[in-house]
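K.L.:
File name model_37.txt; file contents compact mmCIF, C-alpha atoms; full text below.
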```txt
# COMPACT_ATOMS: atom_id res chain seq x y z
CA MET W 1 0.00 0.00 0.00
CA ALA W 2 2.83 2.40 0.78
CA HIS W 3 4.20 1.75 -2.72
CA PHE W 4 0.84 2.69 -4.29
CA ALA W 5 0.77 5.91 -2.27
CA HIS W 6 3.70 7.31 -4.26
CA PHE W 7 2.00 7.42 -7.69
CA GLN W 8 2.23 11.03 -8.86
CA ASP W 9 -0.21 11.29 -11.79
CA LYS W 10 -3.57 12.39 -10.38
CA ARG W 11 -5.47 11.25 -13.48
CA VAL W 12 -4.10 7.75 -13.09
CA GLN W 13 -4.94 7.78 -9.37
CA ILE W 14 -8.54 8.89 -10.01
CA GLY W 15 -8.87 6.30 -12.77
CA VAL W 16 -7.67 3.50 -10.49
CA VAL W 17 -10.11 4.55 -7.74
CA VAL W 18 -13.07 4.67 -10.18
CA LEU W 19 -12.13 1.33 -11.75
CA ALA W 20 -11.83 -0.24 -8.30
CA MET W 21 -15.28 1.04 -7.33
CA ALA W 22 -16.75 -0.28 -10.62
CA ALA W 23 -15.08 -3.68 -10.24
CA ILE W 24 -16.23 -4.07 -6.63
CA THR W 25 -19.77 -3.07 -7.61
CA ALA W 26 -19.78 -5.78 -10.30
CA ILE W 27 -18.45 -8.33 -7.80
CA ARG W 28 -21.16 -7.44 -5.26
CA LEU W 29 -23.86 -7.87 -7.88
CA ALA W 30 -22.53 -11.33 -8.76
CA VAL W 31 -21.40 -12.68 -5.37
CA ASP W 32 -23.31 -12.91 -2.11
CA GLU W 33 -21.60 -11.03 0.77
CA PRO W 34 -18.07 -10.69 -0.74
CA GLY W 35 -16.87 -8.67 2.26
CA PRO W 36 -15.92 -5.01 2.82
CA LEU W 37 -14.21 -4.55 -0.54
CA TYR W 38 -15.23 -0.91 -0.82
CA PHE W 39 -12.62 -0.04 1.78
CA LEU W 40 -9.98 -0.50 -0.95
CA PRO W 41 -10.96 2.51 -3.15
CA VAL W 42 -11.67 4.54 -0.01
CA VAL W 43 -8.16 3.93 1.32
CA LEU W 44 -6.57 4.62 -2.07
CA ALA W 45 -8.52 7.86 -2.49
CA GLY W 46 -7.45 9.04 0.95
CA LEU W 47 -3.79 8.14 0.35
CA TRP W 48 -3.54 9.59 -3.12
CA LEU W 49 -6.05 12.44 -3.28
CA GLY W 50 -6.38 13.73 0.27
CA ARG W 51 -8.94 13.84 3.07
CA TRP W 52 -11.82 15.42 1.13
CA ALA W 53 -11.46 13.01 -1.78
CA GLY W 54 -11.35 10.18 0.75
CA LEU W 55 -14.56 11.44 2.37
CA VAL W 56 -16.39 11.81 -0.96
CA THR W 57 -15.22 8.37 -2.10
CA GLY W 58 -16.40 6.91 1.20
CA ILE W 59 -19.86 8.44 0.75
CA ALA W 60 -20.02 7.16 -2.83
CA CYS W 61 -18.98 3.67 -1.75
CA ALA W 62 -21.63 3.65 0.99
CA ALA W 63 -24.24 4.59 -1.62
CA LEU W 64 -23.02 1.87 -3.99
CA PHE W 65 -23.15 -0.63 -1.14
CA ALA W 66 -26.79 0.24 -0.49
CA LEU W 67 -27.61 0.01 -4.21
CA THR W 68 -25.97 -3.40 -4.67
CA ARG W 69 -27.64 -4.67 -1.52
CA GLU W 70 -31.04 -3.89 -3.02
CA LEU W 71 -30.18 -5.30 -6.46
CA ASN W 72 -28.55 -8.55 -5.27
CA PRO W 73 -31.27 -10.90 -3.98
CA GLY W 74 -28.65 -13.00 -2.25
CA GLU W 75 -27.64 -10.23 0.17
CA MET W 76 -28.45 -10.71 3.84
CA SER W 77 -31.71 -9.21 5.01
CA GLY W 78 -31.86 -6.43 7.56
CA SER W 79 -32.38 -2.74 7.90
CA VAL W 80 -31.11 -1.13 4.69
CA ALA W 81 -31.19 2.33 6.29
CA LEU W 82 -29.15 1.21 9.32
CA GLY W 83 -26.58 -0.62 7.16
CA THR W 84 -26.22 2.37 4.84
CA LEU W 85 -25.74 4.85 7.68
CA THR W 86 -23.22 2.59 9.38
CA ARG W 87 -21.17 2.20 6.22
CA LEU W 88 -21.54 5.87 5.38
CA ALA W 89 -19.91 6.71 8.72
CA ALA W 90 -17.29 3.93 8.41
CA TYR W 91 -16.28 4.54 4.78
CA GLY W 92 -16.42 8.32 5.02
CA GLY W 93 -14.55 8.38 8.34
CA VAL W 94 -11.82 6.01 7.14
CA GLY W 95 -11.37 7.95 3.89
CA PHE W 96 -11.16 11.30 5.69
CA LEU W 97 -8.79 10.02 8.40
CA ILE W 98 -6.42 8.31 5.96
CA GLY W 99 -6.47 11.40 3.73
CA LEU W 100 -5.71 13.61 6.71
CA LEU W 101 -2.72 11.47 7.66
CA ALA W 102 -1.54 11.35 4.05
CA ASP W 103 -1.80 15.17 3.78
CA ARG W 104 0.26 15.55 6.93
CA GLU W 105 2.85 13.11 5.62
CA THR W 106 3.05 15.06 2.35
CA ARG W 107 3.50 18.36 4.19
CA LEU W 108 6.12 16.80 6.47
CA ARG W 109 8.00 15.36 3.49
CA LYS W 110 7.91 18.77 1.82
CA ASP W 111 9.13 20.52 4.97
CA LEU W 112 11.93 17.98 5.38
CA GLY W 113 12.93 18.45 1.76
CA GLU W 114 13.05 22.22 2.16
CA ARG W 115 15.04 21.84 5.37
CA ASP W 116 17.52 19.50 3.67
CA ARG W 117 17.95 21.94 0.79
CA ALA W 118 18.46 24.81 3.24
CA LEU W 119 20.99 22.78 5.23
CA GLU W 120 22.90 21.87 2.08
CA GLU W 121 22.97 25.52 1.05
CA LEU W 122 24.04 26.45 4.56
CA ARG W 123 26.89 23.91 4.48
CA GLU W 124 28.16 25.43 1.24
CA VAL W 125 28.00 28.94 2.70
CA GLN W 126 29.68 27.79 5.92
CA LEU W 127 32.51 26.20 3.96
CA ALA W 128 33.07 29.54 2.23
CA LEU W 129 32.89 31.45 5.52
CA THR W 130 35.27 29.16 7.39
CA PRO W 131 37.69 27.57 4.90
CA PRO W 132 39.34 24.34 6.08
CA GLU W 133 42.78 25.90 6.42
CA PRO W 134 44.42 29.27 5.87
CA PRO W 135 46.89 29.72 3.02
CA ASP W 136 50.64 29.83 3.61
CA ARG W 137 51.72 33.46 3.89
CA PRO W 138 55.27 34.91 4.04
CA ALA W 139 56.72 35.43 7.53
CA LEU W 140 53.37 34.64 9.17
CA GLU W 141 52.36 31.81 11.50
CA LEU W 142 48.61 31.30 11.37
CA ALA W 143 46.06 29.11 13.11
CA THR W 144 42.28 29.20 12.70
CA CYS W 145 39.36 27.46 14.34
CA TYR W 146 35.58 27.40 13.87
CA LEU W 147 33.12 25.82 16.32
CA PRO W 148 29.40 25.77 15.47
CA ALA W 149 26.70 26.65 17.97
CA GLU W 150 24.63 23.95 19.67
CA HIS W 151 21.37 25.14 18.03
CA GLY W 152 21.32 26.73 14.60
CA VAL W 153 24.02 28.56 12.77
CA SER W 154 24.90 32.22 12.97
CA GLY W 155 27.03 34.39 10.74
CA ASP W 156 30.60 34.13 12.01
CA PHE W 157 33.30 34.24 9.36
CA HIS W 158 37.03 34.67 8.89
CA ALA W 159 39.26 35.28 5.89
CA VAL W 160 43.01 35.12 5.24
CA VAL W 161 43.98 36.22 1.73
CA PRO W 162 46.90 37.85 -0.13
CA ALA W 163 46.77 41.64 -0.33
CA GLY W 164 48.71 44.23 -2.28
CA ASP W 165 52.50 44.64 -1.96
CA GLY W 166 52.94 41.12 -0.54
CA ALA W 167 50.79 41.85 2.53
CA THR W 168 48.22 39.50 4.04
CA MET W 169 44.66 40.51 4.89
CA ILE W 170 43.19 38.84 7.98
CA ALA W 171 39.53 39.51 8.72
CA ILE W 172 37.02 38.17 11.19
CA GLY W 173 33.36 39.08 11.67
CA ASP W 174 29.99 38.24 13.15
CA VAL W 175 26.51 38.90 11.72
CA ALA W 176 23.62 39.43 14.13
CA GLY W 177 20.98 36.72 13.78
CA ARG W 178 20.92 33.05 12.87
CA GLY W 179 20.13 30.75 10.00
CA ILE W 180 20.67 30.83 6.29
CA GLU W 181 20.00 34.57 5.89
CA ALA W 182 22.65 35.47 8.46
CA ALA W 183 25.07 33.08 6.75
CA LYS W 184 24.36 34.65 3.37
CA ARG W 185 25.01 38.15 4.71
CA SER W 186 28.26 36.89 6.21
CA TRP W 187 29.29 35.40 2.87
CA TYR W 188 28.46 38.68 1.11
CA VAL W 189 30.47 40.82 3.54
CA ARG W 190 33.40 38.39 3.51
CA THR W 191 33.41 38.53 -0.29
CA LEU W 192 33.40 42.34 -0.18
CA LEU W 193 36.38 42.38 2.17
CA ILE W 194 38.34 39.88 0.08
CA SER W 195 37.64 41.76 -3.16
CA SER W 196 39.06 44.94 -1.63
CA ALA W 197 42.26 43.38 -0.33
CA GLU W 198 44.22 43.71 -3.60
CA VAL W 199 43.21 47.31 -4.37
CA VAL W 200 42.86 49.03 -0.97
CA THR W 201 45.88 49.38 1.34
CA ASP W 202 44.14 50.63 4.50
CA PRO W 203 42.07 48.31 6.77
CA GLY W 204 39.71 51.13 7.76
CA ALA W 205 39.09 51.93 4.10
CA ILE W 206 38.43 48.24 3.37
CA LEU W 207 35.75 48.17 6.08
CA GLU W 208 34.25 51.47 4.87
CA ARG W 209 34.10 50.15 1.31
CA ALA W 210 32.38 46.94 2.43
CA ASN W 211 29.90 48.94 4.51
CA GLN W 212 29.04 51.21 1.58
CA SER W 213 28.34 48.25 -0.71
CA LEU W 214 26.31 46.50 2.00
CA VAL W 215 24.12 49.56 2.61
CA GLU W 216 23.60 50.11 -1.12
CA GLU W 217 22.64 46.46 -1.60
CA SER W 218 20.55 45.77 1.51
CA GLY W 219 19.81 49.15 3.07
CA TYR W 220 20.14 49.80 6.76
CA GLY W 221 19.30 47.16 9.36
CA SER W 222 22.14 44.69 9.10
CA PHE W 223 24.41 44.53 12.14
CA ILE W 224 27.79 43.05 11.32
CA THR W 225 30.84 43.50 13.51
CA ALA W 226 34.28 42.96 12.01
CA VAL W 227 38.03 43.37 12.38
CA CYS W 228 40.26 43.87 9.35
CA MET W 229 44.05 43.54 9.51
CA LEU W 230 46.90 43.95 7.04
CA TYR W 231 50.13 42.15 7.94
CA HIS W 232 53.27 43.08 5.98
CA PRO W 233 56.26 40.76 5.60
CA ASP W 234 58.48 43.21 7.53
CA GLY W 235 56.31 42.70 10.62
CA ARG W 236 54.22 45.85 10.29
CA LEU W 237 50.60 45.28 11.34
CA GLU W 238 47.68 47.59 10.57
CA TRP W 239 44.15 47.05 11.78
CA ALA W 240 40.71 48.63 12.09
CA VAL W 241 37.73 47.57 14.20
CA ALA W 242 34.03 47.99 13.35
CA GLY W 243 31.92 47.32 16.43
CA HIS W 244 33.88 44.14 17.21
CA ASP W 245 35.93 43.00 20.18
CA PRO W 246 39.49 44.29 19.61
CA PRO W 247 42.32 41.86 18.82
CA LEU W 248 44.34 40.77 21.85
CA ARG W 249 48.12 40.56 22.12
CA MET W 250 49.29 36.97 22.41
CA GLY W 251 51.87 37.74 25.09
CA ASP W 252 49.69 39.31 27.79
CA GLY W 253 46.10 39.36 26.50
CA ALA W 254 45.91 43.17 26.37
CA PRO W 255 43.87 44.65 23.50
CA LEU W 256 45.71 45.91 20.46
CA ALA W 257 43.11 48.56 19.68
CA PHE W 258 41.93 51.37 21.92
CA GLU W 259 38.20 51.88 22.43
CA ALA W 260 38.29 55.24 20.59
CA GLN W 261 39.42 53.44 17.43
CA ASN W 262 36.38 51.14 17.38
CA GLY W 263 33.90 52.23 14.72
CA LEU W 264 30.24 51.35 14.19
CA PRO W 265 29.19 47.90 12.98
CA LEU W 266 28.61 47.49 9.26
CA GLY W 267 25.10 48.04 7.97
CA VAL W 268 23.86 50.65 10.48
CA ALA W 269 25.13 53.97 9.04
CA ASP W 270 26.74 55.49 5.96
CA ARG W 271 30.08 55.88 7.72
CA LEU W 272 31.70 53.57 10.27
CA GLY W 273 34.13 56.07 11.74
CA CYS W 274 36.77 53.45 12.50
CA VAL W 275 40.42 54.55 12.67
CA THR W 276 43.30 52.46 11.37
CA ALA W 277 46.00 51.75 13.94
CA ASP W 278 49.41 50.20 13.36
CA THR W 279 52.32 48.61 15.16
CA THR W 280 55.36 46.54 14.29
CA LEU W 281 55.50 43.00 15.56
CA ARG W 282 58.78 41.56 16.70
CA THR W 283 59.55 37.97 15.85
CA GLY W 284 57.26 35.83 18.02
CA ASP W 285 54.79 38.63 18.72
CA GLY W 286 51.21 38.06 17.63
CA ALA W 287 47.50 38.65 18.12
CA LEU W 288 44.30 36.69 18.64
CA LEU W 289 41.07 37.61 16.83
CA TYR W 290 37.82 36.05 18.02
CA THR W 291 34.03 36.35 17.81
CA ASP W 292 31.77 36.80 20.83
CA GLY W 293 30.95 33.10 20.92
CA LEU W 294 34.13 32.90 23.03
CA THR W 295 33.45 35.49 25.73
CA GLU W 296 29.70 34.78 25.81
CA ALA W 297 30.01 31.01 26.16
CA ARG W 298 27.90 29.86 29.14
CA ARG W 299 28.74 27.42 31.87
CA ARG W 300 26.36 24.45 32.03
CA GLY W 301 25.07 22.33 34.85
CA ASP W 302 26.45 23.94 38.01
CA GLY W 303 23.08 25.32 39.20
CA SER W 304 24.52 28.74 40.04
CA GLY W 305 22.82 30.69 37.26
CA THR W 306 24.32 32.05 34.07
CA GLU W 307 28.09 32.48 34.07
CA LEU W 308 29.90 33.68 30.97
CA PHE W 309 33.39 32.67 29.93
CA GLY W 310 34.22 36.37 29.85
CA GLU W 311 37.16 38.45 28.69
CA GLN W 312 39.28 37.91 31.78
CA ARG W 313 39.57 34.17 31.19
CA VAL W 314 40.80 34.88 27.66
CA VAL W 315 43.35 37.37 28.98
CA ASP W 316 44.58 34.89 31.60
CA LEU W 317 44.92 32.14 29.00
CA LEU W 318 46.98 34.30 26.65
CA ALA W 319 49.15 35.63 29.48
CA GLY W 320 49.95 32.06 30.49
CA MET W 321 50.99 31.00 26.99
CA GLN W 322 53.75 33.45 26.13
CA GLY W 323 55.85 32.25 23.24
CA GLN W 324 53.56 29.31 22.38
CA PRO W 325 52.88 28.64 18.68
CA SER W 326 49.63 29.98 17.24
CA THR W 327 48.17 26.51 16.89
CA GLU W 328 48.81 25.77 20.57
CA VAL W 329 47.09 28.99 21.58
CA VAL W 330 44.06 28.31 19.41
CA ASN W 331 43.77 24.70 20.56
CA ARG W 332 44.07 25.69 24.23
CA VAL W 333 41.41 28.41 23.94
CA ARG W 334 39.15 26.02 22.05
CA ASP W 335 39.54 23.27 24.65
CA GLU W 336 38.96 25.65 27.56
CA VAL W 337 35.75 27.09 26.15
CA ARG W 338 34.49 23.61 25.26
CA ALA W 339 35.11 22.39 28.78
CA PHE W 340 33.51 25.52 30.27
CA SER W 341 30.33 25.13 28.19
CA ALA W 342 30.26 21.32 28.36
CA GLY W 343 30.59 21.28 24.58
CA ALA W 344 27.34 23.19 24.02
CA LEU W 345 28.06 26.66 22.65
CA ALA W 346 25.21 29.16 22.54
CA ASP W 347 26.81 30.94 19.57
CA ASP W 348 29.26 30.14 16.80
CA LEU W 349 32.92 30.72 17.56
CA CYS W 350 35.69 31.80 15.21
CA LEU W 351 39.33 32.10 16.27
CA VAL W 352 42.30 33.38 14.27
CA ALA W 353 45.75 33.51 15.84
CA LEU W 354 48.74 35.05 14.07
CA ARG W 355 52.43 35.50 14.92
CA ARG W 356 55.37 36.97 13.15
CA ALA W 357 57.02 33.73 12.19
CA ARG W 358 60.52 32.49 12.95
CA VAL W 359 60.23 30.37 9.77
CA PRO W 360 59.16 31.63 6.34
CA ASP W 361 55.55 30.50 6.67
CA SER W 362 53.42 28.21 8.82
CA THR W 363 49.66 27.57 8.96
CA GLU W 364 47.43 25.37 11.09
CA VAL W 365 43.73 24.72 11.49
CA CYS W 366 41.95 23.05 14.39
```
Rewrite the structure of this file - the entire thing - as structure tokens.

P.N.:
Amino acid sequence: MAHFAHFQDKRVQIGVVVLAMAAITAIRLAVDEPGPLYFLPVVLAGLWLGRWAGLVTGIACAALFALTRELNPGEMSGSVALGTLTRLAAYGGVGFLIGLLADRETRLRKDLGERDRALEELREVQLALTPPEPPDRPALELATCYLPAEHGVSGDFHAVVPAGDGATMIAIGDVAGRGIEAAKRSWYVRTLLISSAEVVTDPGAILERANQSLVEESGYGSFITAVCMLYHPDGRLEWAVAGHDPPLRMGDGAPLAFEAQNGLPLGVADRLGCVTADTTLRTGDGALLYTDGLTEARRRGDGSGTELFGEQRVVDLLAGMQGQPSTEVVNRVRDEVRAFSAGALADDLCLVALRRARVPDSTEVC
């Protein structure tokens, strides 16, 4: 029966139901008490055509039953009216109930199909937002990490790409909201940042350019925080911050950027107002970029209310790992936040750690 329920051509389905009713009527006229055969077209109509078709078919079958009972002298005697009413309720009820269940199954199958398509699209977007490993870049030791949230997906992203004059652009960001739309906005902003890396030599200008394109495309209302950095092979580091947590120095956990240099998030105004800062990294110096899934991770199961991982834990971790490779820093931060939240993050988490390398290039991904 389940196999029959998957026929797609409605004309064929209607034809089979009508033929079944005609064949059963002929059998009832020729055979005494052949049994409740009319349930077959009723069930098929409900499965194939829905609850209302099942109800109408049930009523028609009850009427045909009454007609054949009168025309076949071999039928059992009894109250024709009572038998007709009983079968009218039985056939009509069965047809409506089976049709109702079939309609729900169809809607559920459709919803699951749409969900699967959305998830597949989301996986593709996520792969673009968080590539499996950063590229090798001159004089730069890199490590990246992405951890998805427990429920749903938000719009965290990172990018490491070549920039003009041999520099490297490192960007990280977070879109407010969840789901496929947030992921698409993240992909769009990440693409804007990457496309500017070869032609714009100022991180603040890169962010401003991305914001202008975002506002022109989507209007106001998006809320996307981001950090954009340019690392030069001679150790010079430039960065700008748009509503995001500032990068932290790997040696002591202090912020690289001052609060006054932090501009508005992308998508809320025509101008961000972020100021580009710069410093020169010595060999072994570095920075950690992260999204708020780190500091806003919540402790689970201790019964003491909500406790966040917080900035101070991050500072303490970095201060206790002076001189450690980028990959060790990223892995330690990842493990600590996983343990703190019992592996159930409330928000996505992106981490990017960079150091001026002692070797020509080195990249890792956790």

K.L.:
Determine the nearest neighbour of Gly93 in chain W from the options W:Val160, W:Leu71, W:Leu354, W:Val43, counting all atoms listed in the file.

P.N.:
W:Val43

K.L.:
Quick one: distance from CA of Pro265 in chain W to CA of Glu216 in chain W in Å, one decimal?

P.N.:
15.3 Å

K.L.:
Rank W:Leu88, W:His158, W:Leu44, W:Pro36 by their smallest atom-to-atom distance to Val16 in chain W, using only C-alpha atoms, and report the top residue only.

P.N.:
W:Leu44

K.L.:
Which is closest to Val268 in chain W among W:Glu181, W:Glu114, W:Glu328, W:Glu208, if we use all atoms listed in the file?

P.N.:
W:Glu208

K.L.:
Could you please determine the separation between CA of Leu207 in chain W and CA of Arg313 in chain W in Å, to one decimal place?

P.N.:
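Separation of CA of Leu207 in chain W and CA of Arg313 in chain W: 29.0 Å.
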
K.L.:
Smallest atom-to-atom distance to Gly166 in chain W: which of W:Leu248, W:Val12, W:Leu230, W:Cys145, using only C-alpha atoms?

P.N.:
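Looking at the shortest contact to Gly166 in chain W, the residue is W:Leu230.
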
K.L.:
What are the nearest atom pairs, with distances in Å to one decimal, for all residues of range 255-294 of chain W that come at most 12 Å from range 336-349 of chain W, using only C-alpha atoms, set out by chain and rising residue number as a tab-separated table?

P.N.:
```
residue	atom	partner	partner_atom	distance
W:Leu289	CA	W:Leu349	CA	10.7
W:Tyr290	CA	W:Leu349	CA	7.3
W:Thr291	CA	W:Leu349	CA	5.7
W:Asp292	CA	W:Leu349	CA	7.0
W:Gly293	CA	W:Leu349	CA	4.6
W:Leu294	CA	W:Leu349	CA	6.0
```

K.L.:
Quick one, how far is CA of Gly92 in chain W from CA of Cys61 in chain W?

P.N.:
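Taking CA of Gly92 in chain W as the start and CA of Cys61 in chain W as the end point, the length is 8.6 Å.
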
K.L.:
Given only C-alpha atoms as the basis, pick out the residue of W:Ala159, W:Leu29, W:Leu237, W:Leu214 nearest to Ile194 in chain W.

P.N.:
W:Ala159

K.L.:
Using only C-alpha atoms, determine which residues lie at most 8 Å from Ala45 in chain W, disregarding the query and same-chain residues fewer than 3 positions distant; provide the list as an NGL selection string.

P.N.:
:W and (13-14 or 17 or 41-42 or 48-50 or 53-54 or 57 or 95 or 99)
